[in-house]
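Inspection log for the structure reproduced underneath, given as C-alpha cells.
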Amino acid sequence: MTHSSTVLIVEDEENLADLFGIWLQEQFEVHVAYSGEDALEIFAEEPIDIVLLDRRMPGLSGTEVLQSIRESGDAQQVIMITAVQPTEDLASIDVDDYLLKPIDRTKLLRAVEAAELVLTYEDSLTELLSLTARKATLEANLDKTELEKDERYGGLLQRIRELEEEADTTLQRLETDYQIDMLVRDQRIGSQPVEQF
C-alpha cells in the first residue's frame, strides 16, 4: 500500500511507541520519538502530517511539544494519547483528538485514518472536528452542570455553532462519501447522542 501520510509517534514508553509504529507502518510512513526533544528534532527535519502525542513525558511535556508544533504554523493533525483523564482545560488545549490509554489497534487506526481524511478538507471543517472531539470527551468525562459554568466550555460551544452552518455540506459529504460516522461524533449540539470511538 502506498504511504500517503506521515505519522510521528511521540511516546516515552519505548515498547508502546514501537507497538504503535508496528500497527501503523503498513498504512503510513512512521517516525518514532521517545522524548519531546527528539520529537521536535524530527519535526524540524521531516514533513509530518499526523502527530500521536503522549501528554506526560519527562523533559518536554506533550503540552510543550504541542505548543511548538502549533507555533510552526503547519496544519498537522495532533492526537493526544494519554492516561491523563481530561478536565475542563481540554476545552482550551489545541489538539484534534484526545484518546485515553489503554488503546487498541482498531481504535488507533480509526483515529489516524480519520485524521488523514480531515487533512484533505478545508480549515473550518478541521477546526470543527477538533472542537467536537474535545466537546465529546469533556461531556463523557465531566459533570455537565459544572461544565456549563465554565466560560472556556461556553466559548467552545459558541465556536462550534459558528462553524456548523459553514461546514454542514462538507460534513454530509464525509458521511456520504466515506461512511465514517465517528469523524463527527456530535454534528449538531444537542440534536444527536455523542458517538464514541
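Residue numbering restarts at 1 for every chain of the C-alpha cells, chains are lettered A, B, ... in their displayed order, and ligands are numbered from 1 as they appear.
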Subject >> In stretch 16-151 of chain A, DSSP strand (DSSP E) residues written as a PyMOL selection string >> reply: chain A and resi 29-33+50-53+77-82+97-100
Please write the residues from the selection above to a file, keeping all heavy atoms, as a short mmCIF file (atom, residue, chain, number, x, y, z; two decimals), in the first residue's frame.
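Written file, out_20.cif:
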```
data_model
loop_
_atom_site.label_atom_id
_atom_site.label_comp_id
_atom_site.auth_asym_id
_atom_site.auth_seq_id
_atom_site.Cartn_x
_atom_site.Cartn_y
_atom_site.Cartn_z
N GLU A 29 3.73 6.24 6.63
CA GLU A 29 5.16 6.39 6.89
C GLU A 29 5.28 6.82 8.35
O GLU A 29 4.70 7.83 8.75
CB GLU A 29 5.78 7.44 5.97
CG GLU A 29 7.26 7.62 6.22
CD GLU A 29 7.87 8.70 5.34
OE1 GLU A 29 7.31 8.97 4.26
OE2 GLU A 29 8.89 9.26 5.76
N VAL A 30 6.02 6.07 9.15
CA VAL A 30 6.03 6.28 10.60
C VAL A 30 7.42 6.71 11.08
O VAL A 30 8.44 6.14 10.68
CB VAL A 30 5.61 4.98 11.34
CG1 VAL A 30 5.75 5.14 12.84
CG2 VAL A 30 4.19 4.60 10.96
N HIS A 31 7.43 7.73 11.93
CA HIS A 31 8.62 8.14 12.67
C HIS A 31 8.28 8.01 14.15
O HIS A 31 7.15 8.28 14.56
CB HIS A 31 8.99 9.60 12.37
CG HIS A 31 9.33 9.85 10.94
ND1 HIS A 31 10.59 9.67 10.43
CD2 HIS A 31 8.55 10.25 9.90
CE1 HIS A 31 10.59 9.96 9.14
NE2 HIS A 31 9.36 10.32 8.79
N VAL A 32 9.27 7.60 14.95
CA VAL A 32 9.05 7.41 16.38
C VAL A 32 10.04 8.26 17.16
O VAL A 32 11.24 8.27 16.87
CB VAL A 32 9.19 5.92 16.78
CG1 VAL A 32 9.02 5.74 18.29
CG2 VAL A 32 8.18 5.06 16.03
N ALA A 33 9.53 8.97 18.17
CA ALA A 33 10.37 9.75 19.08
C ALA A 33 10.03 9.32 20.50
O ALA A 33 8.85 9.23 20.86
CB ALA A 33 10.11 11.24 18.90
N ILE A 50 0.56 13.86 10.73
CA ILE A 50 -0.22 13.48 11.91
C ILE A 50 0.74 13.19 13.06
O ILE A 50 1.72 12.46 12.88
CB ILE A 50 -1.09 12.25 11.62
CG1 ILE A 50 -2.05 12.53 10.47
CG2 ILE A 50 -1.85 11.80 12.88
CD1 ILE A 50 -2.67 11.28 9.84
N VAL A 51 0.46 13.76 14.23
CA VAL A 51 1.29 13.54 15.42
C VAL A 51 0.46 12.81 16.47
O VAL A 51 -0.64 13.26 16.81
CB VAL A 51 1.81 14.87 16.00
CG1 VAL A 51 2.70 14.61 17.22
CG2 VAL A 51 2.58 15.67 14.94
N LEU A 52 0.97 11.70 16.95
CA LEU A 52 0.39 10.99 18.09
C LEU A 52 1.24 11.35 19.29
O LEU A 52 2.43 11.05 19.32
CB LEU A 52 0.40 9.47 17.87
CG LEU A 52 -0.29 8.97 16.62
CD1 LEU A 52 -0.25 7.44 16.56
CD2 LEU A 52 -1.73 9.45 16.54
N LEU A 53 0.65 12.00 20.27
CA LEU A 53 1.43 12.69 21.30
C LEU A 53 1.01 12.28 22.70
O LEU A 53 -0.15 12.46 23.09
CB LEU A 53 1.23 14.20 21.11
CG LEU A 53 1.98 15.16 22.01
CD1 LEU A 53 3.49 15.00 21.89
CD2 LEU A 53 1.58 16.60 21.67
N GLN A 77 -2.45 17.32 12.03
CA GLN A 77 -3.44 16.81 12.96
C GLN A 77 -2.66 16.27 14.16
O GLN A 77 -1.68 15.53 14.00
CB GLN A 77 -4.23 15.66 12.32
CG GLN A 77 -5.23 16.12 11.29
CD GLN A 77 -6.49 16.64 11.96
OE1 GLN A 77 -7.19 15.92 12.64
NE2 GLN A 77 -6.77 17.91 11.78
N VAL A 78 -3.09 16.65 15.36
CA VAL A 78 -2.42 16.18 16.58
C VAL A 78 -3.43 15.43 17.43
O VAL A 78 -4.47 15.97 17.81
CB VAL A 78 -1.82 17.34 17.39
CG1 VAL A 78 -1.14 16.80 18.65
CG2 VAL A 78 -0.81 18.13 16.55
N ILE A 79 -3.12 14.16 17.68
CA ILE A 79 -3.95 13.31 18.51
C ILE A 79 -3.19 13.03 19.80
O ILE A 79 -2.11 12.44 19.77
CB ILE A 79 -4.28 11.97 17.81
CG1 ILE A 79 -4.98 12.23 16.48
CG2 ILE A 79 -5.10 11.07 18.72
CD1 ILE A 79 -5.11 10.99 15.60
N MET A 80 -3.72 13.50 20.92
CA MET A 80 -3.08 13.23 22.21
C MET A 80 -3.57 11.87 22.69
O MET A 80 -4.77 11.61 22.74
CB MET A 80 -3.40 14.34 23.20
CG MET A 80 -2.45 14.42 24.36
SD MET A 80 -2.56 16.03 25.25
CE MET A 80 -1.26 16.95 24.43
N ILE A 81 -2.62 10.99 23.00
CA ILE A 81 -2.93 9.66 23.52
C ILE A 81 -2.29 9.56 24.88
O ILE A 81 -1.07 9.59 25.00
CB ILE A 81 -2.41 8.55 22.59
CG1 ILE A 81 -3.00 8.73 21.18
CG2 ILE A 81 -2.75 7.18 23.15
CD1 ILE A 81 -2.51 7.71 20.18
N THR A 82 -3.12 9.47 25.93
CA THR A 82 -2.61 9.68 27.27
C THR A 82 -3.42 8.91 28.31
O THR A 82 -4.57 8.55 28.06
CB THR A 82 -2.64 11.19 27.60
OG1 THR A 82 -2.17 11.41 28.92
CG2 THR A 82 -4.04 11.77 27.45
N ASP A 97 -7.76 15.49 18.63
CA ASP A 97 -8.47 14.43 19.32
C ASP A 97 -7.69 14.09 20.59
O ASP A 97 -6.50 14.42 20.71
CB ASP A 97 -8.65 13.18 18.45
CG ASP A 97 -9.89 12.38 18.83
OD1 ASP A 97 -10.46 12.62 19.92
OD2 ASP A 97 -10.30 11.52 18.04
N TYR A 98 -8.38 13.46 21.52
CA TYR A 98 -7.80 13.15 22.84
C TYR A 98 -8.26 11.75 23.19
O TYR A 98 -9.44 11.53 23.47
CB TYR A 98 -8.31 14.17 23.85
CG TYR A 98 -7.61 14.19 25.19
CD1 TYR A 98 -6.58 15.10 25.43
CD2 TYR A 98 -7.99 13.33 26.22
CE1 TYR A 98 -5.94 15.15 26.66
CE2 TYR A 98 -7.35 13.38 27.46
CZ TYR A 98 -6.33 14.30 27.67
OH TYR A 98 -5.71 14.35 28.89
N LEU A 99 -7.36 10.79 23.11
CA LEU A 99 -7.69 9.39 23.35
C LEU A 99 -7.04 8.91 24.64
O LEU A 99 -5.89 9.24 24.91
CB LEU A 99 -7.22 8.53 22.18
CG LEU A 99 -7.75 8.92 20.80
CD1 LEU A 99 -7.16 8.02 19.73
CD2 LEU A 99 -9.27 8.87 20.76
N LEU A 100 -7.79 8.11 25.38
CA LEU A 100 -7.28 7.62 26.66
C LEU A 100 -6.66 6.24 26.51
O LEU A 100 -7.21 5.38 25.82
CB LEU A 100 -8.41 7.58 27.70
CG LEU A 100 -8.93 8.93 28.15
CD1 LEU A 100 -10.16 8.75 29.04
CD2 LEU A 100 -7.85 9.70 28.90
#
```
Subject >> Counting only C-alpha atoms, the option among A:Ile103, A:Pro86, A:Val112, A:Ile93 closest to A:Phe28 >> reply: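 For A:Phe28, the nearest of the given residues is A:Val112.
Every protein, DNA or RNA residue with an atom at most 9 Å from A:Val84, where only C-alpha atoms count and chain neighbours fewer than 5 positions away do not, is listed here: Arg55, Arg56, Leu100 and Lys101 of chain A.
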**OP:** With a distance cut-off of 10 Å and only C-alpha atoms, select the neighbouring residues of stretch 64-69 of chain A, excluding the residue or stretch itself and same-chain residues fewer than 3 positions from it, and output the selection as a ChimeraX atom specification.
**Re:** /A:10,35-37,39-40,43-44,51,53-56,59-61,72-76,78-80,93-95
Original post:
Residues at most 10 Å from A:Asp18, counting only C-alpha atoms, excluding those fewer than 4 positions away in the same chain, as a PyMOL selection string?
Top reply: chain A and resi 9+11+13-14+22-24+31-34
Now that the selection is made, can you save its residues with C-alpha atoms as a compact mmCIF listing (two decimals), in the first residue's frame?
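Saved the output as part.txt:
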```
# COMPACT_ATOMS: atom_id res chain seq x y z
CA ILE A 9 4.63 8.93 17.34
CA GLU A 11 5.79 8.40 23.45
CA GLU A 13 7.33 4.32 26.87
CA GLU A 14 9.51 2.81 24.16
CA ILE A 22 4.09 -1.59 14.07
CA TRP A 23 0.32 -1.09 13.99
CA LEU A 24 0.59 1.90 11.65
CA HIS A 31 8.62 8.14 12.67
CA VAL A 32 9.05 7.41 16.38
CA ALA A 33 10.37 9.75 19.08
CA TYR A 34 10.86 8.62 22.68
```
Subject >> A:Leu157, A:Leu108, A:Val7, A:Ala114 ranked by distance to A:Glu139, top pick (using only C-alpha atoms) >> reply: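 With only C-alpha atoms as the atom set, the closest residue is A:Leu157.
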**OP:** Could you please determine the separation between atom CA of A:Arg161 and atom CA of A:Ala111 in Å, to one decimal place?
**Re:** 23.6 Å
